[in-house]
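Just final_28.cif here, mmCIF, N, CA and C atoms:
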```cif
data_protein
#
loop_
_atom_site.label_atom_id
_atom_site.label_comp_id
_atom_site.auth_asym_id
_atom_site.auth_seq_id
_atom_site.Cartn_x
_atom_site.Cartn_y
_atom_site.Cartn_z
N MET A 7 0.83 -1.18 0.00
CA MET A 7 0.00 0.00 0.00
C MET A 7 0.88 1.25 0.00
N ASN A 8 0.52 2.22 -0.82
CA ASN A 8 1.28 3.45 -0.96
C ASN A 8 0.97 4.38 0.22
N PRO A 9 1.99 4.75 1.04
CA PRO A 9 1.73 5.61 2.20
C PRO A 9 1.55 7.08 1.83
N PHE A 10 1.68 7.44 0.56
CA PHE A 10 1.61 8.83 0.13
C PHE A 10 0.20 9.18 -0.35
N PRO A 11 -0.14 10.45 -0.32
CA PRO A 11 -1.44 10.87 -0.86
C PRO A 11 -1.51 10.56 -2.36
N PRO A 12 -2.71 10.50 -2.92
CA PRO A 12 -2.85 10.21 -4.36
C PRO A 12 -2.02 11.18 -5.20
N GLY A 13 -1.28 10.62 -6.15
CA GLY A 13 -0.44 11.43 -7.03
C GLY A 13 0.91 11.80 -6.46
N ALA A 14 1.17 11.43 -5.22
CA ALA A 14 2.45 11.77 -4.58
C ALA A 14 3.30 10.52 -4.43
N ASP A 15 4.62 10.72 -4.35
CA ASP A 15 5.55 9.62 -4.10
C ASP A 15 6.72 10.15 -3.29
N GLU A 16 7.78 9.36 -3.19
CA GLU A 16 8.92 9.77 -2.35
C GLU A 16 9.67 10.97 -2.90
N ASP A 17 9.40 11.36 -4.15
CA ASP A 17 10.06 12.52 -4.74
C ASP A 17 9.21 13.78 -4.67
N THR A 18 8.00 13.68 -4.16
CA THR A 18 7.11 14.82 -4.09
C THR A 18 7.55 15.75 -2.96
N PRO A 19 7.89 17.02 -3.29
CA PRO A 19 8.33 17.95 -2.25
C PRO A 19 7.13 18.43 -1.41
N VAL A 20 7.13 18.05 -0.12
CA VAL A 20 6.00 18.39 0.73
C VAL A 20 6.39 19.03 2.07
N PHE A 21 7.61 18.80 2.53
CA PHE A 21 7.99 19.26 3.88
C PHE A 21 8.64 20.63 3.83
N VAL A 22 8.16 21.53 4.69
CA VAL A 22 8.82 22.84 4.82
C VAL A 22 10.15 22.60 5.54
N ILE A 23 11.01 23.60 5.51
CA ILE A 23 12.37 23.42 6.01
C ILE A 23 12.41 23.06 7.50
N SER A 24 11.51 23.63 8.29
CA SER A 24 11.53 23.32 9.74
C SER A 24 11.18 21.85 9.99
N VAL A 25 10.23 21.31 9.23
CA VAL A 25 9.86 19.90 9.37
C VAL A 25 10.99 19.01 8.85
N ALA A 26 11.58 19.39 7.72
CA ALA A 26 12.70 18.62 7.16
C ALA A 26 13.87 18.60 8.13
N ALA A 27 14.13 19.72 8.79
CA ALA A 27 15.22 19.79 9.77
C ALA A 27 14.94 18.85 10.93
N GLN A 28 13.70 18.85 11.40
CA GLN A 28 13.34 17.98 12.52
C GLN A 28 13.44 16.51 12.10
N LEU A 29 12.93 16.17 10.91
CA LEU A 29 12.96 14.78 10.45
C LEU A 29 14.38 14.27 10.21
N SER A 30 15.26 15.16 9.76
CA SER A 30 16.63 14.75 9.45
C SER A 30 17.56 14.85 10.65
N GLY A 31 17.12 15.56 11.68
CA GLY A 31 17.97 15.73 12.85
C GLY A 31 19.03 16.80 12.66
N LEU A 32 18.82 17.69 11.71
CA LEU A 32 19.78 18.76 11.42
C LEU A 32 19.13 20.11 11.68
N HIS A 33 19.94 21.13 11.76
CA HIS A 33 19.44 22.49 11.94
C HIS A 33 19.00 23.04 10.59
N ALA A 34 17.98 23.90 10.59
CA ALA A 34 17.48 24.47 9.35
C ALA A 34 18.58 25.22 8.60
N GLN A 35 19.48 25.90 9.33
CA GLN A 35 20.56 26.63 8.66
C GLN A 35 21.51 25.65 7.94
N THR A 36 21.69 24.46 8.51
CA THR A 36 22.51 23.44 7.85
C THR A 36 21.87 23.02 6.54
N LEU A 37 20.55 22.87 6.54
CA LEU A 37 19.83 22.50 5.31
C LEU A 37 20.00 23.58 4.25
N ARG A 38 19.95 24.84 4.68
CA ARG A 38 20.16 25.95 3.72
C ARG A 38 21.57 25.89 3.14
N SER A 39 22.55 25.61 4.00
CA SER A 39 23.95 25.50 3.53
C SER A 39 24.10 24.36 2.53
N TYR A 40 23.51 23.22 2.86
CA TYR A 40 23.59 22.06 1.96
C TYR A 40 22.94 22.38 0.62
N ASP A 41 21.85 23.15 0.65
CA ASP A 41 21.18 23.55 -0.59
C ASP A 41 22.10 24.45 -1.41
N ARG A 42 22.72 25.44 -0.77
CA ARG A 42 23.64 26.35 -1.48
C ARG A 42 24.81 25.60 -2.09
N MET A 43 25.29 24.56 -1.38
CA MET A 43 26.43 23.78 -1.86
C MET A 43 26.03 22.77 -2.94
N GLY A 44 24.73 22.53 -3.08
CA GLY A 44 24.26 21.58 -4.08
C GLY A 44 24.26 20.14 -3.58
N LEU A 45 24.38 19.95 -2.27
CA LEU A 45 24.35 18.59 -1.72
C LEU A 45 22.94 18.01 -1.76
N VAL A 46 21.97 18.81 -1.34
CA VAL A 46 20.56 18.42 -1.37
C VAL A 46 19.82 19.61 -1.97
N SER A 47 19.10 19.36 -3.05
CA SER A 47 18.38 20.44 -3.73
C SER A 47 16.88 20.22 -3.61
N PRO A 48 16.26 20.86 -2.63
CA PRO A 48 14.81 20.67 -2.45
C PRO A 48 14.02 21.37 -3.56
N GLY A 49 12.75 20.98 -3.66
CA GLY A 49 11.86 21.67 -4.59
C GLY A 49 11.60 23.08 -4.07
N ARG A 50 11.00 23.88 -4.91
CA ARG A 50 10.69 25.26 -4.52
C ARG A 50 9.22 25.55 -4.78
N THR A 51 8.65 26.38 -3.92
CA THR A 51 7.29 26.85 -4.15
C THR A 51 7.39 28.02 -5.13
N THR A 52 6.24 28.49 -5.60
CA THR A 52 6.25 29.65 -6.50
C THR A 52 6.83 30.88 -5.82
N GLY A 53 6.70 30.94 -4.49
CA GLY A 53 7.28 32.06 -3.74
C GLY A 53 8.74 31.87 -3.39
N GLY A 54 9.33 30.72 -3.76
CA GLY A 54 10.75 30.47 -3.51
C GLY A 54 11.05 29.68 -2.25
N GLY A 55 10.02 29.30 -1.50
CA GLY A 55 10.24 28.52 -0.28
C GLY A 55 10.69 27.10 -0.61
N ARG A 56 11.54 26.57 0.24
CA ARG A 56 12.04 25.21 0.04
C ARG A 56 10.98 24.19 0.47
N ARG A 57 10.87 23.11 -0.31
CA ARG A 57 10.00 21.99 0.05
C ARG A 57 10.80 20.71 -0.15
N TYR A 58 10.92 19.93 0.91
CA TYR A 58 11.73 18.72 0.90
C TYR A 58 10.84 17.49 0.71
N SER A 59 11.36 16.53 -0.04
CA SER A 59 10.66 15.26 -0.26
C SER A 59 11.20 14.21 0.72
N VAL A 60 10.55 13.07 0.75
CA VAL A 60 11.04 11.96 1.57
C VAL A 60 12.44 11.57 1.11
N ARG A 61 12.67 11.56 -0.21
CA ARG A 61 14.00 11.22 -0.73
C ARG A 61 15.04 12.24 -0.25
N ASP A 62 14.65 13.53 -0.20
CA ASP A 62 15.57 14.55 0.31
C ASP A 62 15.93 14.30 1.78
N ILE A 63 14.94 13.91 2.57
CA ILE A 63 15.18 13.64 4.00
C ILE A 63 16.16 12.48 4.15
N VAL A 64 15.96 11.43 3.36
CA VAL A 64 16.86 10.27 3.40
C VAL A 64 18.28 10.71 3.02
N LEU A 65 18.38 11.55 1.99
CA LEU A 65 19.69 12.05 1.54
C LEU A 65 20.34 12.91 2.63
N LEU A 66 19.56 13.75 3.29
CA LEU A 66 20.10 14.57 4.38
C LEU A 66 20.67 13.69 5.50
N LYS A 67 19.96 12.62 5.82
CA LYS A 67 20.46 11.70 6.85
C LYS A 67 21.74 11.01 6.39
N GLU A 68 21.83 10.68 5.10
CA GLU A 68 23.05 10.04 4.57
C GLU A 68 24.22 11.03 4.60
N VAL A 69 23.97 12.29 4.27
CA VAL A 69 25.03 13.31 4.34
C VAL A 69 25.53 13.40 5.78
N GLN A 70 24.61 13.43 6.72
CA GLN A 70 24.98 13.50 8.14
C GLN A 70 25.80 12.27 8.54
N ARG A 71 25.37 11.08 8.11
CA ARG A 71 26.08 9.85 8.46
C ARG A 71 27.49 9.85 7.87
N LEU A 72 27.62 10.21 6.61
CA LEU A 72 28.94 10.24 5.98
C LEU A 72 29.86 11.24 6.66
N SER A 73 29.30 12.36 7.04
CA SER A 73 30.10 13.40 7.68
C SER A 73 30.51 13.00 9.10
N GLN A 74 29.56 12.55 9.90
CA GLN A 74 29.81 12.26 11.31
C GLN A 74 30.50 10.92 11.54
N GLU A 75 29.97 9.86 10.90
CA GLU A 75 30.49 8.51 11.17
C GLU A 75 31.68 8.14 10.30
N ALA A 76 31.63 8.53 9.03
CA ALA A 76 32.70 8.13 8.11
C ALA A 76 33.79 9.19 7.98
N GLY A 77 33.53 10.40 8.50
CA GLY A 77 34.55 11.45 8.46
C GLY A 77 34.81 12.03 7.08
N VAL A 78 33.84 11.93 6.18
CA VAL A 78 34.00 12.46 4.83
C VAL A 78 33.67 13.95 4.84
N ASN A 79 34.50 14.76 4.19
CA ASN A 79 34.21 16.19 4.14
C ASN A 79 33.08 16.45 3.13
N LEU A 80 32.54 17.66 3.16
CA LEU A 80 31.36 17.96 2.34
C LEU A 80 31.65 17.88 0.84
N ALA A 81 32.86 18.25 0.43
CA ALA A 81 33.22 18.13 -0.99
C ALA A 81 33.22 16.66 -1.41
N GLY A 82 33.74 15.81 -0.52
CA GLY A 82 33.75 14.38 -0.80
C GLY A 82 32.34 13.81 -0.84
N ILE A 83 31.48 14.28 0.07
CA ILE A 83 30.09 13.83 0.09
C ILE A 83 29.39 14.24 -1.19
N LYS A 84 29.65 15.46 -1.65
CA LYS A 84 29.03 15.92 -2.90
C LYS A 84 29.45 15.03 -4.06
N ARG A 85 30.71 14.67 -4.10
CA ARG A 85 31.22 13.80 -5.17
C ARG A 85 30.59 12.42 -5.07
N ILE A 86 30.46 11.90 -3.88
CA ILE A 86 29.82 10.59 -3.68
C ILE A 86 28.39 10.62 -4.20
N ILE A 87 27.66 11.68 -3.86
CA ILE A 87 26.27 11.82 -4.32
C ILE A 87 26.22 11.88 -5.84
N GLU A 88 27.12 12.67 -6.44
CA GLU A 88 27.16 12.78 -7.91
C GLU A 88 27.42 11.42 -8.55
N LEU A 89 28.37 10.68 -7.99
CA LEU A 89 28.70 9.36 -8.55
C LEU A 89 27.56 8.37 -8.36
N GLU A 90 26.89 8.42 -7.22
CA GLU A 90 25.74 7.53 -7.01
C GLU A 90 24.62 7.86 -7.99
N ASN A 91 24.39 9.15 -8.24
CA ASN A 91 23.37 9.55 -9.23
C ASN A 91 23.75 9.06 -10.63
N GLU A 92 25.04 9.16 -10.95
CA GLU A 92 25.51 8.70 -12.25
C GLU A 92 25.33 7.18 -12.39
N VAL A 93 25.65 6.45 -11.33
CA VAL A 93 25.46 4.99 -11.35
C VAL A 93 23.98 4.65 -11.54
N ASP A 94 23.10 5.36 -10.83
CA ASP A 94 21.66 5.12 -10.97
C ASP A 94 21.21 5.38 -12.41
N ALA A 95 21.70 6.47 -13.00
CA ALA A 95 21.34 6.80 -14.39
C ALA A 95 21.85 5.72 -15.34
N LEU A 96 23.07 5.25 -15.12
CA LEU A 96 23.63 4.20 -15.98
C LEU A 96 22.87 2.89 -15.82
N ARG A 97 22.47 2.56 -14.61
CA ARG A 97 21.67 1.35 -14.39
C ARG A 97 20.34 1.45 -15.13
N SER A 98 19.72 2.62 -15.07
CA SER A 98 18.46 2.82 -15.79
C SER A 98 18.67 2.66 -17.29
N ARG A 99 19.76 3.21 -17.79
CA ARG A 99 20.05 3.11 -19.23
C ARG A 99 20.31 1.66 -19.62
N ILE A 100 21.01 0.91 -18.78
CA ILE A 100 21.26 -0.51 -19.05
C ILE A 100 19.93 -1.26 -19.11
N THR A 101 19.03 -0.95 -18.19
CA THR A 101 17.72 -1.60 -18.20
C THR A 101 16.98 -1.28 -19.49
N GLU A 102 16.99 -0.01 -19.90
CA GLU A 102 16.33 0.39 -21.15
C GLU A 102 16.92 -0.36 -22.35
N LEU A 103 18.25 -0.41 -22.41
CA LEU A 103 18.91 -1.06 -23.54
C LEU A 103 18.67 -2.57 -23.54
N THR A 104 18.64 -3.17 -22.35
CA THR A 104 18.37 -4.60 -22.24
C THR A 104 16.96 -4.91 -22.74
N GLU A 105 16.00 -4.08 -22.35
CA GLU A 105 14.62 -4.27 -22.80
C GLU A 105 14.51 -4.07 -24.32
N GLU A 106 15.20 -3.05 -24.83
CA GLU A 106 15.19 -2.80 -26.28
C GLU A 106 15.82 -3.97 -27.03
N LEU A 107 16.92 -4.49 -26.51
CA LEU A 107 17.58 -5.62 -27.14
C LEU A 107 16.67 -6.85 -27.16
N ALA A 108 15.95 -7.07 -26.07
CA ALA A 108 15.01 -8.20 -26.02
C ALA A 108 13.91 -8.03 -27.06
N ARG A 109 13.40 -6.80 -27.21
CA ARG A 109 12.37 -6.54 -28.23
C ARG A 109 12.91 -6.78 -29.64
N VAL A 110 14.11 -6.29 -29.91
CA VAL A 110 14.72 -6.46 -31.23
C VAL A 110 14.99 -7.94 -31.50
N HIS A 111 15.47 -8.65 -30.50
CA HIS A 111 15.75 -10.07 -30.63
C HIS A 111 14.46 -10.84 -30.94
N ALA A 112 13.37 -10.52 -30.23
CA ALA A 112 12.09 -11.18 -30.47
C ALA A 112 11.58 -10.88 -31.88
N ALA A 113 11.75 -9.64 -32.33
CA ALA A 113 11.31 -9.27 -33.68
C ALA A 113 12.14 -10.01 -34.73
N ALA A 114 13.44 -10.16 -34.48
CA ALA A 114 14.30 -10.89 -35.42
C ALA A 114 13.90 -12.36 -35.48
N GLU A 115 13.58 -12.95 -34.33
CA GLU A 115 13.14 -14.34 -34.31
C GLU A 115 11.82 -14.51 -35.06
N GLN A 116 10.91 -13.57 -34.90
CA GLN A 116 9.64 -13.62 -35.63
C GLN A 116 9.87 -13.49 -37.13
N ALA A 117 10.76 -12.60 -37.52
CA ALA A 117 11.06 -12.42 -38.95
C ALA A 117 11.70 -13.69 -39.52
N ALA A 118 12.61 -14.30 -38.78
CA ALA A 118 13.25 -15.53 -39.24
C ALA A 118 12.22 -16.65 -39.36
N ALA A 119 11.32 -16.72 -38.38
CA ALA A 119 10.27 -17.75 -38.43
C ALA A 119 9.36 -17.54 -39.64
N ALA A 120 9.04 -16.29 -39.94
CA ALA A 120 8.20 -15.99 -41.11
C ALA A 120 8.91 -16.38 -42.40
N ILE A 121 10.20 -16.13 -42.47
CA ILE A 121 10.97 -16.50 -43.67
C ILE A 121 11.00 -18.01 -43.81
N HIS A 122 11.28 -18.70 -42.73
CA HIS A 122 11.31 -20.17 -42.78
C HIS A 122 9.95 -20.75 -43.17
N LYS A 123 8.90 -20.11 -42.71
CA LYS A 123 7.55 -20.58 -43.03
C LYS A 123 7.25 -20.39 -44.52
N SER A 124 7.89 -19.41 -45.14
CA SER A 124 7.61 -19.13 -46.55
C SER A 124 8.40 -20.02 -47.51
N TYR A 125 9.30 -20.84 -46.98
CA TYR A 125 10.08 -21.72 -47.85
C TYR A 125 9.16 -22.64 -48.65
N ARG A 126 9.59 -22.93 -49.86
CA ARG A 126 8.86 -23.91 -50.68
C ARG A 126 9.24 -25.30 -50.20
N HIS A 127 8.24 -26.09 -49.89
CA HIS A 127 8.49 -27.42 -49.35
C HIS A 127 8.60 -28.48 -50.44
N ASP A 128 8.36 -28.07 -51.71
CA ASP A 128 8.48 -29.05 -52.79
C ASP A 128 9.92 -29.14 -53.29
N LEU A 129 10.79 -28.26 -52.83
CA LEU A 129 12.19 -28.32 -53.20
C LEU A 129 12.94 -29.17 -52.19
N VAL A 130 13.85 -29.97 -52.70
CA VAL A 130 14.64 -30.83 -51.83
C VAL A 130 16.08 -30.33 -51.87
N PRO A 131 16.65 -30.05 -50.71
CA PRO A 131 18.04 -29.57 -50.71
C PRO A 131 18.99 -30.69 -51.14
N VAL A 132 19.99 -30.31 -51.91
CA VAL A 132 20.99 -31.27 -52.39
C VAL A 132 22.28 -30.98 -51.65
N LYS A 133 22.84 -32.05 -51.11
CA LYS A 133 24.09 -31.90 -50.38
C LYS A 133 25.25 -32.05 -51.36
N ARG A 134 26.11 -31.09 -51.38
CA ARG A 134 27.25 -31.14 -52.29
C ARG A 134 28.50 -31.33 -51.43
N GLU A 135 29.09 -32.50 -51.61
CA GLU A 135 30.26 -32.80 -50.80
C GLU A 135 31.55 -32.81 -51.61
N THR A 136 31.43 -32.78 -52.92
CA THR A 136 32.64 -32.79 -53.75
C THR A 136 32.66 -31.54 -54.60
N ALA A 137 33.83 -31.21 -55.01
CA ALA A 137 33.99 -30.04 -55.87
C ALA A 137 35.00 -30.39 -56.95
N LEU A 138 34.83 -29.82 -58.10
CA LEU A 138 35.74 -30.03 -59.21
C LEU A 138 36.53 -28.75 -59.40
N VAL A 139 37.87 -28.91 -59.36
CA VAL A 139 38.75 -27.76 -59.53
C VAL A 139 39.61 -28.04 -60.74
N VAL A 140 39.60 -27.10 -61.67
CA VAL A 140 40.44 -27.25 -62.87
C VAL A 140 41.62 -26.32 -62.70
N TRP A 141 42.81 -26.96 -62.82
CA TRP A 141 44.01 -26.16 -62.67
C TRP A 141 44.68 -26.05 -64.01
N ARG A 142 45.01 -24.86 -64.38
CA ARG A 142 45.73 -24.65 -65.63
C ARG A 142 46.99 -23.91 -65.31
N PRO A 143 48.14 -24.50 -65.68
CA PRO A 143 49.40 -23.81 -65.41
C PRO A 143 49.47 -22.53 -66.24
N PRO A 144 50.15 -21.56 -65.71
CA PRO A 144 50.28 -20.29 -66.47
C PRO A 144 51.01 -20.51 -67.80
N GLN A 145 50.62 -19.78 -68.79
CA GLN A 145 51.27 -19.86 -70.12
C GLN A 145 52.64 -19.20 -70.05
N ARG A 146 53.62 -19.90 -70.66
CA ARG A 146 54.97 -19.31 -70.72
C ARG A 146 55.13 -18.61 -72.05
N HIS A 147 55.62 -17.44 -71.96
CA HIS A 147 55.85 -16.67 -73.20
C HIS A 147 57.26 -16.94 -73.72
N ARG A 148 57.36 -17.14 -74.99
CA ARG A 148 58.67 -17.46 -75.57
C ARG A 148 59.34 -16.29 -76.16
#
```

structure tokens encoding of this file:
Amino acid sequence: MNPFPPGADEDTPVFVISVAAQLSGLHAQTLRSYDRMGLVSPGRTTGGGRRYSVRDIVLLKEVQRLSQEAGVNLAGIKRIIELENEVDALRSRITELTEELARVHAAAEQAAAAIHKSYRHDLVPVKRETALVVWRPPQRHR
């Protein structure tokens, strides 16, 4: 069962900064800094207010974990996030290409089956196991 309201998912920006700060265990000013640095980019309202999604909250907690527990600096965390996003994009592309390849393969099999079905069955294939080769030595000019 989907815990989100109709039409919403984990990427839907719904939390104001004070709620996001409370959910992530960080100070609102820290969230603003992370936004300026590009670590976590929340959605924006038409008035410019930040709105955080569930995915943003999870990312904020991961930034905190990497910083506090793993001792990674913020530049390193930003690079980790960029690389993880790139890996996710590449995995999605691999899935797309795998599905496309399966479709093309199925279409090729159908085309081959149609060609085989169109063969004339009154013709009998002849097996040729011998070959005749005529060798002629080059002509010598006198």

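Selection result for the displayed file, with the PyMOL selection byres ((chain A and resi 27-35) around 8) as criterion, is Phe21, Val22, Ile23, Ser24, Val25, Ala26, Thr36, Leu37, Arg38, Ser39, Tyr40, Asp41, Asp62, Ile63, Val64, Leu65, Leu66, Lys67, Glu68 and Gln70 of chain A.
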
*Return the single residue from A:Glu115, A:Ala108, A:Ser59, A:Gly44 that is closest to A:Lys84, with distances computed using all atoms listed in the file.*
A:Gly44

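Distance-wise, atom N of A:Glu16 and atom N of A:Thr51 end up 17.1 Å apart.
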
*Mind checking DSSP for stretch 52-147 of chain A and telling me the helix (DSSP H, G or I) residues as a PyMOL selection string?*
chain A and resi 60-74+80-123

With 3 Å on each side, where is the centre of the axis-aligned box around all listed atoms of stretch 97-113 of chain A, and how long are its edges in Å to one decimal, as AutoDock Vina command-line options?
```
--center_x 16.9 --center_y -4.0 --center_z -24.6 --size_x 17.2 --size_y 20.4 --size_z 26.3
```

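Distances from A:Met43, A:Ala112, A:Glu102, A:Val60 to A:Ala14 were compared using only C-alpha atoms, and the smallest one belongs to A:Val60.
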
*So which bits of chain A end up strand (DSSP E or B) when you DSSP the backbone, as number ranges by chain?*
A: 21, 49-50, 56-58

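Here atom N of A:Glu88 and atom C of A:Leu103 stand 24.4 Å from one another.
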
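Candidate residues A:Ala118, A:Val110, A:Val139, A:Val20 were compared for distance to A:Arg57, and the nearest is A:Val20, using all atoms listed in the file.
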
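Between atom C of A:Gly53 and atom C of A:Ile86 there is a distance of 29.0 Å.
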
*Choose the residue, out of A:Thr136, A:Thr104, A:Thr18, A:Ser98, that has the smallest atom-to-atom separation from A:Gly49; count only C-alpha atoms.*
A:Thr18
